[in-house]
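Step one of this worksheet: look at the structure below.
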Amino acid sequence: HPAPPGAPRWQGATDRLSFDVSGVRQALLDLDLPVYLVDVDGATAAGHHGQAEPGGLPLLAYLPPLPYRRLGDPEFQRVYKTGASYYAGSMANGISSVEMVLAMAHQGWLASFGAGGLSPEQVAGAIHQIKQAAPEGPWLFNLLNNPFETGIENALVDLYLAQGVRAIEASAYLTPSLALTRYRAAGLSLLPDGSIHIQNRIIAKVSRKETAAKFLAPAAGRALAQLVQEGSISEQQATLAQQVPLADDITVEADSGGHTDHRPLLAALPAIQRQAREAQKKYGYAQLVRVGAAGGMGRPEALWAAFALGAAYIATGSVNQSCREAATSPAVKALLAQAESTDVTDAPAADMFEMGTRVQVLKRGTQFAQRGLQLYDLYTRYDRLADIPPAEREKLEHTLFQRPIQQVWQETQAFFASRDPRLLEKARQDEKQRMALVFRWYLGQASHWAIAGAPGREADYQVWCGPAMGAFNDWVRGSGMDDPADRSAPLIADRLMRGAAYFARLSALDVAGIRIAPDLRACPPDALVG
């Protein structure tokens, strides 16, 4: 690329410059070093040494060092004690496991334990293991909203407060619950200098502006008053809670696996960033609520695109489910490692079945989605199990349930007797609710069958998955990470973030008017070795 007239000059040893594509790529990949792009007799060369001085060769561009910790918001890294503006989001039923959280923490990465769907006793065991092995973190625990089972959410908040879990990831909330408000307010105190100390941090995953607005605002006054009346928080904590946002961070969840609204990140992220700025002005917050990005983060280009939009941090999900640390079966990991971006579809959500809420799941190699949709169709057409035509009922018992409906109901009663007796009592009085719980039995079991790799149930595996999985598979193909055994969450985090920094450098060259050789835009993971 020829230098423009009046370009600055470079002095240095030309024998230390690289002229070929592989050499230029390597220079750009040395993220801790500066890069000089120099015009040498009409050819572009790159190197790390030299200086801008009059009388030398034309200097096309200068790129300062760009270690990936500089991407995103440094305050996110400080608050959560992590080395990058990145975290591995939670996957329910403990798929984002103790092993995954610790593997990430031991290398300075943040990850969220997948507490959704687990009993408080199981979560307590995970807290103990993680605190023992990584007492200083970094780590998060998930709090999954379920408006139909408030008892579990309350029990988890009790546990988090008692065990000193100081940061949580709040998922699938349509509106903040009383339990979530209690977690936030119970960690507030006044420092001697008059500032507010926030002990309990919340990262809220949202995809809609109306939901984001509730987390950007202070906690609702009515909820705080109720908590004071119950003795759950003090009057001072209620007052302080009206001076800070409910969440410290908002993850804009675009086209993700699990609960999703399929929002396009290019539209959703700037809109919610603007909301955050307006909320700071409206409420006079000392700190701007950070806004991060999730959904579709399967390639470095996607991460850089989000950072270029101003994302404070990145959250990944689907790509971590195929890692060796993920607590799911080898059969599921093999399916995930073969997935294309188009191999995903929607299915009814087990936890919000009655509301018609959908989750995004893998469709390749499983019939779960269509079977789940059949159940929701029956739920909308009939008011009682007894109303389902005999042929339809026989099909359910033979194909989906593989047992009589009465046996499913007995198992459902045994499950909810300890988990949420109030919901069970409602189902005994309301036959429509009873049908919902029976159908939820299948939806819930389908994820457990997948995690366990249950033989004979392959067609019923429920595997939460977004298109990022296929994008990741495309990127790593032939690089030594095709096999799930060769994938680990810290390795994926490192390669994605290094790649994002690499593409940030390419973007700087684009802006400088440097024509980029097409081959430089190909950056496989095996080139991103630190």
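We label chains A, B, ... in the order they appear in the structure tokens, count residues from 1 in each chain, and number ligands from 1 in the order shown.
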Leaving out Trp449 in chain A and any residue of its chain fewer than 3 positions from it, which residues lie within 12 Å of it when counting only C-alpha atoms, given as a PyMOL selection string? chain A and resi 93+328-329+331-332+366+368+441-446+452-463
Mind checking which residues fall within 12 Å of range 420-427 of chain A, counting only C-alpha atoms, ignoring those fewer than 2 positions away in the same chain, and posting them as an MDAnalysis selection string? chainID A and resid 119 146:155 384 409:418 429:438
Pick from A:Ala268, A:Ala45, A:Val165, A:Leu63 nearest to Leu509 in chain A, counting only C-alpha atoms: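 For Leu509 in chain A, the nearest of the given residues is A:Leu63.
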Ala311 in chain A: which residues within 8 Å, counting only C-alpha atoms, same-chain residues fewer than 3 positions away excluded, as a PyMOL selection string? chain A and resi 72-73+269+291-293+306-308+314
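Coordinates place CA of Glu325 in chain A at a distance of 12.7 Å from CA of Ala105 in chain A.
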So, counting only C-alpha atoms, which residue among A:Gly137, A:Pro192, A:Pro67, A:Gly12 is closest to Ala46 in chain A?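 When distances to Ala46 in chain A are compared using only C-alpha atoms, the smallest one comes from A:Gly12.
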Shell around Met91 in chain A at 10 Å using only C-alpha atoms, local window under 2 positions removed, as a PyMOL selection string: chain A and resi 88-89+93-97+112-117+142+257-258+317-318+320-321+326-327+464
Keeping C-alpha atoms, export the residues of the selection given above as a PDB file, in the first residue's frame.
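Final file, again23.pdb:
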```pdb
ATOM      1  CA  ALA A  88     -18.258 -17.745  30.972  1.00  0.00           C
ATOM      2  CA  GLY A  89     -21.972 -17.568  31.632  1.00  0.00           C
ATOM      3  CA  ASN A  93     -28.320 -28.037  36.012  1.00  0.00           C
ATOM      4  CA  GLY A  94     -24.684 -27.555  36.883  1.00  0.00           C
ATOM      5  CA  ILE A  95     -23.443 -27.907  33.283  1.00  0.00           C
ATOM      6  CA  SER A  96     -21.213 -24.930  34.008  1.00  0.00           C
ATOM      7  CA  SER A  97     -19.738 -27.031  36.742  1.00  0.00           C
ATOM      8  CA  SER A 112     -20.691 -18.489  36.660  1.00  0.00           C
ATOM      9  CA  PHE A 113     -21.792 -21.744  38.288  1.00  0.00           C
ATOM     10  CA  GLY A 114     -25.012 -23.109  36.739  1.00  0.00           C
ATOM     11  CA  ALA A 115     -27.229 -23.274  39.817  1.00  0.00           C
ATOM     12  CA  GLY A 116     -30.515 -23.230  37.869  1.00  0.00           C
ATOM     13  CA  GLY A 117     -32.470 -26.440  38.242  1.00  0.00           C
ATOM     14  CA  ASN A 142     -26.367 -18.016  38.965  1.00  0.00           C
ATOM     15  CA  GLY A 257     -28.912 -20.753  23.762  1.00  0.00           C
ATOM     16  CA  GLY A 258     -31.510 -21.364  26.469  1.00  0.00           C
ATOM     17  CA  GLY A 317     -22.351 -19.710  26.826  1.00  0.00           C
ATOM     18  CA  SER A 318     -22.907 -22.371  24.175  1.00  0.00           C
ATOM     19  CA  ASN A 320     -18.332 -23.746  26.791  1.00  0.00           C
ATOM     20  CA  GLN A 321     -20.831 -26.606  26.799  1.00  0.00           C
ATOM     21  CA  ALA A 326     -18.758 -29.063  31.177  1.00  0.00           C
ATOM     22  CA  ALA A 327     -20.858 -31.454  33.260  1.00  0.00           C
ATOM     23  CA  TRP A 464     -29.517 -25.723  25.171  1.00  0.00           C
TER      24      TRP A 464
END
```
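Taking CA of Lys209 in chain A as the reference point, CA of Ala241 in chain A is found at 21.6 Å.
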How many Å separate CA of Tyr80 in chain A from CA of Ala167 in chain A?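 Separation of CA of Tyr80 in chain A and CA of Ala167 in chain A: 8.1 Å.
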Need to verify the contact set: range 341-349 of chain A, 7 Å, only C-alpha atoms, exclusion of same-chain residues closer than 5 positions in sequence. Can you return it as an mmCIF file with C-alpha atoms, in the first residue's frame?
```cif
data_model
loop_
_atom_site.group_PDB
_atom_site.id
_atom_site.type_symbol
_atom_site.label_atom_id
_atom_site.label_comp_id
_atom_site.auth_asym_id
_atom_site.auth_seq_id
_atom_site.Cartn_x
_atom_site.Cartn_y
_atom_site.Cartn_z
ATOM 1 C CA GLY A 356 -45.286 -20.088 26.526
ATOM 2 C CA THR A 357 -41.662 -19.060 27.065
ATOM 3 C CA ARG A 358 -39.209 -20.664 24.649
ATOM 4 C CA VAL A 359 -35.621 -21.810 24.901
ATOM 5 C CA GLN A 360 -33.208 -22.306 22.013
ATOM 6 C CA VAL A 361 -31.943 -25.860 21.737
ATOM 7 C CA LEU A 362 -29.958 -28.135 19.455
ATOM 8 C CA LYS A 363 -32.118 -29.817 16.797
ATOM 9 C CA ARG A 364 -29.433 -31.938 15.151
ATOM 10 C CA ALA A 369 -37.957 -29.579 20.125
ATOM 11 C CA GLY A 372 -41.905 -30.328 23.320
ATOM 12 C CA LEU A 373 -43.989 -28.293 20.890
ATOM 13 C CA CYS A 465 -27.566 -24.234 22.283
ATOM 14 C CA GLY A 466 -27.294 -21.059 20.217
ATOM 15 C CA PRO A 467 -25.784 -20.412 16.782
ATOM 16 C CA ALA A 468 -22.457 -19.467 18.398
ATOM 17 C CA MET A 469 -21.744 -23.192 18.702
ATOM 18 C CA GLY A 470 -21.766 -23.680 14.935
ATOM 19 C CA ALA A 471 -19.703 -20.526 14.396
#
```
Strand (DSSP E or B) positions in range 235-452 of chain A, given as a list of chain:residue names: A:Asp249, A:Ile250, A:Thr251, A:Val252, A:Glu253, A:Gly258, A:His259, A:Arg290, A:Val291, A:Gly292, A:Ala293, A:Ala294, A:Ile314, A:Ala315, A:Thr316, A:Val344, A:Thr345, A:Asp346, A:Ala347, A:Pro348, A:Arg358, A:Val359, A:Gln360, A:Val361, A:Leu362
